[in-house]
Amino acid sequence: MFLSRRQFLKVTTGTVAAVALADKALALTALQPVIEVGNPLGEYPDRAWERVYHDQYRYDSSFTWVCSPNDTHACRVRSFVRNGVVMRVEQNYDHQTYEDLYGNRGTFAHNPRMCLKGYTMHRRVYGPYRLKGPLMRRGWKAWMDAGSPEFTPDVMSKYKFTSRYLDDMLRVSWDTAFTYIAKAMMIIAERYSGEAGARRLREQGYPPEMIEMTKGSGVRTMKFRAGMPILGVIGKMSVTRLNGGCGALLDTYIRKVKPHQAQGGRYWSNYTWHGDQNPAHPYWSGVQTSDIDMNDMRFSKLNTSWGKNFVENKMPEAHWKLESIERGARIVVITPEYNPVSYRADYWIPVRPATDGALFLGVCKIIFDENMHDHDFCAAYTDMPILVRTDTLQYLDPRDVVKDYKLPDFSKTYSGKVQTLNPAKIARLGGFMVWDINKNQAVPIHRELVGWHYKNSGIEAAMTGSFRVKLLNHREVDVLPVFQMYQAHLQDYDLDTVHQINRAPKDLIVRWARDSGTIKPAAIHNGEGTNHYFHQTIIARGAAMVLIITGNVGKFGTGQHTWAGNYKAGIWNATPWSGGGLGTHTAENPFKITLDPNAHGKEIHVRGYYYGEEVAYWNHGDTALIVNTPK
């Protein structure tokens, strides 16, 4: 039957109306009287929906574990299991019960302490992309099966070394993976050992210093790095055992040398090469890392985030930043980008990447020029009064000035007992001198004459001026206190120059300088990103300098700290009563393996055959950066 458009609309309109009327009539007959409920919290007609809701959180059992995928937060997490599957995870809320060997406990203030990554960890465990076995690149396997021919443009193209992203990944067994790794190590060790290996390295552009470092061993050309080792001694540090142990064994097999002549591979520092920590810290603080537990942040009255996005990249600890704000701290952010911390800050200083050093030195100049530095702290706790020779730019050593001068004996003091500095190390470090205003001459000063000890020594060291000292060889040299040298150096960092280099607004540079010079306690926290700057060892020393000259070091709420913040993992230190510490697992002598599982740590023979290398300090790929500088 054919219907016109007009006829169709008439029919459908009538039908819809009839259905609507019928539905309305049925609805009226089905209505039930409303049940009166006086107190909805006391009674409710049907609470079955709550059972569905609660069922989502039902679990059969639970267990706790430490979440340390690749950071140092080490949050304690509780997982809830249902039918053998982890359904959800949450913080365990018991940080206040943590206790060390001395009975020191954590506080409730550490709660909450977990991040969104931890909340979804079980999804990664059960996810479709989780690796459950080794994978091998098809092209690399084919290259190995072909006898690993020497690289030429044609060979690299054929086996997709120049286009790895186009290659396939093959699932292989663990035995296959280990076999191919062993073969590859043998090939490298053989090809780069001896004079033939040295010739190959020269042809590939390696400088003489690096070739000499191999000592004729091809094993020494292999680079290893152990990830975040302290977070996984058995798992992540096994590569270090492979480096020194298996490497040394391989070297004896390839070169036919004795165990005492064997060489392991090169150990690339998991410390700064990875970029986690600040490579400048050993320079100005004398320790591997200057850091705090994040609860110390609550004491800061001037809290500066330098290249650090606390909100997004430090989620378990972000609440400490918020608590600083609640306690009235002034928040400053120094970053190129306007990140989530910036809009919570009192002011944000935008900077051009990698020019932060100019900013810090410019701020130091303003602090000095406006006399906001802490003179007493600089004199008693820093190297500012120490004299430097202008002819050599080395510290003035009392052995060159005072006849028959003997370096102090530190065997029974902090330097000897705690820092384990023996006489040979002390002699290598040398001594120091300052210009005593009271005696009007240079006098010796030693490493432990700091703080209270310095103030009670009777020495009043000059911080400024130029002085002439007669050496034992009858030469006279001019010397300057380090403080005076800074005054000269900082003349190059006036406000206009800093702004031109750094691009930071002038008013903000001055504002932060005056805040740093007048607000105490003050702290600067840098992120991991800044650690990858090419000259971070110098730049971060500038950041520390801002706090050093204002006396903001060594007190609650002060210091220049790096990104890690919380170290919740135990570290096995070597002691006379316990043995080689961490080395018992990472550097056991492969030629004297201890097979007794019940052996005491002192019975483990420890010897590091690998060569520790701090590549972050030259940071130029696989070869050293050689420039035209005087030897």
# chains A, B, ... in the order shown; residues from 1 in each chain; ligands from 1
>>> select_by_dssp(residues="stretch 428-607 of chain A", states="strand (DSSP E or B)", output="tab-separated table (two decimals) with C-alpha atoms, in the first residue's frame")
chain	number	residue	atom	x	y	z
A	432	PHE	CA	94.87	25.15	54.68
A	433	MET	CA	95.77	28.59	55.91
A	434	VAL	CA	93.89	31.79	56.76
A	435	TRP	CA	95.05	35.34	57.42
A	436	ASP	CA	94.70	35.95	61.16
A	441	GLN	CA	99.99	36.76	59.35
A	442	ALA	CA	98.94	33.53	57.70
A	443	VAL	CA	98.22	30.72	60.17
A	444	PRO	CA	97.35	27.05	59.60
A	445	ILE	CA	93.79	25.83	59.96
A	461	ALA	CA	90.29	35.19	59.83
A	467	PHE	CA	98.15	39.49	51.34
A	468	ARG	CA	101.74	38.54	50.60
A	469	VAL	CA	103.22	35.36	52.08
A	470	LYS	CA	106.85	34.21	52.06
A	476	GLU	CA	106.86	35.52	47.93
A	477	VAL	CA	103.34	34.93	46.62
A	478	ASP	CA	100.13	36.91	46.78
A	479	VAL	CA	97.14	35.20	48.38
A	480	LEU	CA	93.44	36.00	48.57
A	481	PRO	CA	90.65	34.66	50.78
A	522	ALA	CA	65.23	28.79	53.47
A	523	ALA	CA	65.62	25.74	51.25
A	524	ILE	CA	65.96	24.97	47.53
A	525	HIS	CA	64.73	21.66	46.09
A	526	ASN	CA	65.76	20.74	42.56
A	559	GLY	CA	69.61	23.23	52.51
A	560	GLN	CA	69.90	22.61	48.79
A	561	HIS	CA	68.39	19.20	48.18
A	575	THR	CA	81.70	-2.82	58.91
A	579	GLY	CA	81.80	-7.88	56.51
A	588	GLU	CA	82.06	-11.22	45.50
A	606	VAL	CA	84.93	-9.18	48.21
>>> closest_residue(among="A:Leu116, A:Ala109, A:Val332, A:Ala280", to="A:Arg298", atoms="only C-alpha atoms")
A:Ala109
>>> select_by_dssp(residues="stretch 402-523 of chain A", states="alpha helix (DSSP H)", output="JSON, numbers by chain")
{"A": [414, 415, 416, 417, 423, 424, 425, 426, 427, 428, 429, 452, 453, 454, 455, 482, 483, 484, 485, 486, 487, 488, 489, 495, 496, 497, 498, 499, 500, 501, 502, 506, 507, 508, 509, 510, 511, 512, 513, 514, 515, 516, 517, 518]}
>>> closest_residue(among="A:Phe368, A:Phe410, A:Tyr533, A:Trp348", to="A:Leu490", atoms="only C-alpha atoms")
A:Phe368
>>> residues_around(residues="A:Asn422", least_positions_apart="6", cutoff="12 Å", atoms="only C-alpha atoms", output="mmCIF file with all heavy atoms, in the first residue's frame")
data_model
loop_
_atom_site.group_PDB
_atom_site.id
_atom_site.type_symbol
_atom_site.label_atom_id
_atom_site.label_comp_id
_atom_site.auth_asym_id
_atom_site.auth_seq_id
_atom_site.Cartn_x
_atom_site.Cartn_y
_atom_site.Cartn_z
ATOM 1 N N LEU A 407 100.937 17.672 59.430
ATOM 2 C CA LEU A 407 99.475 17.668 59.350
ATOM 3 C C LEU A 407 98.898 17.017 60.601
ATOM 4 O O LEU A 407 99.505 16.107 61.173
ATOM 5 C CB LEU A 407 99.021 16.915 58.094
ATOM 6 C CG LEU A 407 99.368 17.589 56.770
ATOM 7 C CD1 LEU A 407 99.122 16.623 55.612
ATOM 8 C CD2 LEU A 407 98.546 18.858 56.581
ATOM 9 N N PRO A 408 97.740 17.474 61.057
ATOM 10 C CA PRO A 408 97.164 16.949 62.306
ATOM 11 C C PRO A 408 96.890 15.448 62.239
ATOM 12 O O PRO A 408 96.673 14.877 61.167
ATOM 13 C CB PRO A 408 95.849 17.742 62.445
ATOM 14 C CG PRO A 408 96.042 18.954 61.608
ATOM 15 C CD PRO A 408 96.925 18.537 60.471
ATOM 16 N N ASP A 409 96.907 14.824 63.415
ATOM 17 C CA ASP A 409 96.567 13.411 63.545
ATOM 18 C C ASP A 409 95.073 13.300 63.838
ATOM 19 O O ASP A 409 94.599 13.713 64.898
ATOM 20 C CB ASP A 409 97.370 12.784 64.680
ATOM 21 C CG ASP A 409 97.020 11.313 64.894
ATOM 22 O OD1 ASP A 409 96.376 10.721 63.988
ATOM 23 O OD2 ASP A 409 97.373 10.778 65.958
ATOM 24 N N PHE A 410 94.326 12.766 62.877
ATOM 25 C CA PHE A 410 92.880 12.657 63.037
ATOM 26 C C PHE A 410 92.433 11.236 63.384
ATOM 27 O O PHE A 410 91.260 10.919 63.294
ATOM 28 C CB PHE A 410 92.178 13.085 61.737
ATOM 29 C CG PHE A 410 92.374 14.533 61.392
ATOM 30 C CD1 PHE A 410 93.049 14.890 60.232
ATOM 31 C CD2 PHE A 410 91.883 15.521 62.210
ATOM 32 C CE1 PHE A 410 93.227 16.213 59.895
ATOM 33 C CE2 PHE A 410 92.060 16.862 61.886
ATOM 34 C CZ PHE A 410 92.731 17.222 60.728
ATOM 35 N N SER A 411 93.340 10.374 63.784
ATOM 36 C CA SER A 411 93.004 8.965 63.993
ATOM 37 C C SER A 411 91.962 8.770 65.088
ATOM 38 O O SER A 411 91.209 7.784 65.062
ATOM 39 C CB SER A 411 94.262 8.163 64.331
ATOM 40 O OG SER A 411 94.881 8.677 65.514
ATOM 41 N N LYS A 412 91.898 9.685 66.060
ATOM 42 C CA LYS A 412 90.961 9.536 67.167
ATOM 43 C C LYS A 412 89.840 10.568 67.133
ATOM 44 O O LYS A 412 89.115 10.734 68.109
ATOM 45 C CB LYS A 412 91.716 9.629 68.493
ATOM 46 C CG LYS A 412 92.750 8.526 68.683
ATOM 47 C CD LYS A 412 93.456 8.651 70.024
ATOM 48 C CE LYS A 412 94.484 7.535 70.186
ATOM 49 N NZ LYS A 412 95.209 7.638 71.488
ATOM 50 N N THR A 413 89.697 11.265 66.010
ATOM 51 C CA THR A 413 88.654 12.280 65.904
ATOM 52 C C THR A 413 87.696 11.918 64.763
ATOM 53 O O THR A 413 87.810 10.860 64.141
ATOM 54 C CB THR A 413 89.265 13.671 65.640
ATOM 55 O OG1 THR A 413 89.988 13.646 64.405
ATOM 56 C CG2 THR A 413 90.209 14.067 66.771
ATOM 57 N N TYR A 414 86.770 12.814 64.484
ATOM 58 C CA TYR A 414 85.703 12.534 63.522
ATOM 59 C C TYR A 414 86.261 12.171 62.146
ATOM 60 O O TYR A 414 85.803 11.218 61.503
ATOM 61 C CB TYR A 414 84.791 13.752 63.412
ATOM 62 C CG TYR A 414 83.595 13.547 62.521
ATOM 63 C CD1 TYR A 414 82.411 13.015 63.024
ATOM 64 C CD2 TYR A 414 83.635 13.892 61.169
ATOM 65 C CE1 TYR A 414 81.308 12.821 62.221
ATOM 66 C CE2 TYR A 414 82.535 13.697 60.351
ATOM 67 C CZ TYR A 414 81.376 13.165 60.882
ATOM 68 O OH TYR A 414 80.285 12.965 60.070
ATOM 69 N N SER A 415 87.242 12.918 61.691
ATOM 70 C CA SER A 415 87.787 12.683 60.345
ATOM 71 C C SER A 415 88.355 11.283 60.204
ATOM 72 O O SER A 415 88.231 10.656 59.147
ATOM 73 C CB SER A 415 88.869 13.714 60.018
ATOM 74 O OG SER A 415 88.333 15.022 60.010
ATOM 75 N N GLY A 416 88.982 10.787 61.259
ATOM 76 C CA GLY A 416 89.569 9.459 61.198
ATOM 77 C C GLY A 416 88.593 8.360 61.506
ATOM 78 O O GLY A 416 88.504 7.362 60.781
ATOM 79 N N ARG A 428 97.391 13.763 51.034
ATOM 80 C CA ARG A 428 96.990 14.046 49.654
ATOM 81 C C ARG A 428 96.086 15.274 49.586
ATOM 82 O O ARG A 428 96.206 16.092 48.677
ATOM 83 C CB ARG A 428 96.282 12.838 49.068
ATOM 84 C CG ARG A 428 95.838 13.022 47.629
ATOM 85 C CD ARG A 428 95.089 11.800 47.140
ATOM 86 N NE ARG A 428 94.543 12.001 45.817
ATOM 87 C CZ ARG A 428 93.723 11.164 45.208
ATOM 88 N NH1 ARG A 428 93.370 10.046 45.817
ATOM 89 N NH2 ARG A 428 93.268 11.418 43.993
ATOM 90 N N LEU A 429 95.180 15.411 50.564
ATOM 91 C CA LEU A 429 94.292 16.572 50.589
ATOM 92 C C LEU A 429 95.049 17.847 50.923
ATOM 93 O O LEU A 429 94.682 18.927 50.466
ATOM 94 C CB LEU A 429 93.173 16.340 51.617
ATOM 95 C CG LEU A 429 92.144 15.270 51.274
ATOM 96 C CD1 LEU A 429 91.219 15.015 52.453
ATOM 97 C CD2 LEU A 429 91.339 15.676 50.049
#
>>> atom_distance(atom1="atom CA of A:Phe299", atom2="atom CA of A:Val418")
28.6 Å
>>> closest_residue(among="A:Ala345, A:Ala146, A:Met186, A:Pro316", to="A:Arg76", atoms="only C-alpha atoms")
A:Pro316
>>> closest_residue(among="A:Asn83, A:Thr252, A:Asn440, A:Ser173", to="A:Phe591", atoms="only C-alpha atoms")
A:Thr252
>>> atom_distance(atom1="atom CA of A:Tyr253", atom2="atom CA of A:Phe178")
18.0 Å
>>> closest_residue(among="A:Asp369, A:Glu50, A:Glu317, A:Asp622", to="A:Tyr206", atoms="only C-alpha atoms")
A:Asp622
>>> atom_distance(atom1="atom CA of A:Leu508", atom2="atom CA of A:Asp293")
29.2 Å
>>> residues_around(residues="stretch 151-167 of chain A", least_positions_apart="6", cutoff="9 Å", atoms="only C-alpha atoms", output="list in words")
Arg137, Arg138, Gly139, Trp140, Lys141, Ala142 and Trp143 of chain A
>>> write_last_selection(atoms="C-alpha atoms", output="mmCIF file, in the first residue's frame")
data_model
loop_
_atom_site.group_PDB
_atom_site.id
_atom_site.type_symbol
_atom_site.label_atom_id
_atom_site.label_comp_id
_atom_site.auth_asym_id
_atom_site.auth_seq_id
_atom_site.Cartn_x
_atom_site.Cartn_y
_atom_site.Cartn_z
ATOM 1 C CA ARG A 137 65.219 -8.541 18.126
ATOM 2 C CA ARG A 138 64.982 -10.689 14.995
ATOM 3 C CA GLY A 139 67.685 -8.757 13.147
ATOM 4 C CA TRP A 140 70.156 -8.957 16.037
ATOM 5 C CA LYS A 141 69.606 -12.713 16.362
ATOM 6 C CA ALA A 142 70.182 -13.162 12.627
ATOM 7 C CA TRP A 143 73.373 -11.079 12.894
#
>>> closest_residue(among="A:Met222, A:Ile386, A:Gln277, A:Gly554", to="A:Thr289", atoms="only C-alpha atoms")
A:Gln277
>>> residues_around(residues="A:Thr623", least_positions_apart="5", cutoff="9 Å", atoms="only C-alpha atoms", output="list in words")
Gly205, Tyr206, Pro207, Met210 and Trp618 of chain A
>>> residues_around(residues="A:Ala380", least_positions_apart="4", cutoff="6 Å", atoms="only C-alpha atoms", output="list in words")
Val450, Gly451 and Tyr454 of chain A
>>> write_last_selection(atoms="C-alpha atoms", output="PDB file, in the first residue's frame")
ATOM      1  CA  VAL A 450      84.798  24.681  62.063  1.00  0.00           C
ATOM      2  CA  GLY A 451      81.758  26.064  63.856  1.00  0.00           C
ATOM      3  CA  TYR A 454      86.673  27.787  65.085  1.00  0.00           C
TER       4      TYR A 454
END
>>> residues_around(residues="A:Val125", least_positions_apart="6", cutoff="12 Å", atoms="only C-alpha atoms", output="list in words")
Pro69, Val85, Val86, Met87, Arg88, Gly118, Tyr119, Leu131 and Lys132 of chain A
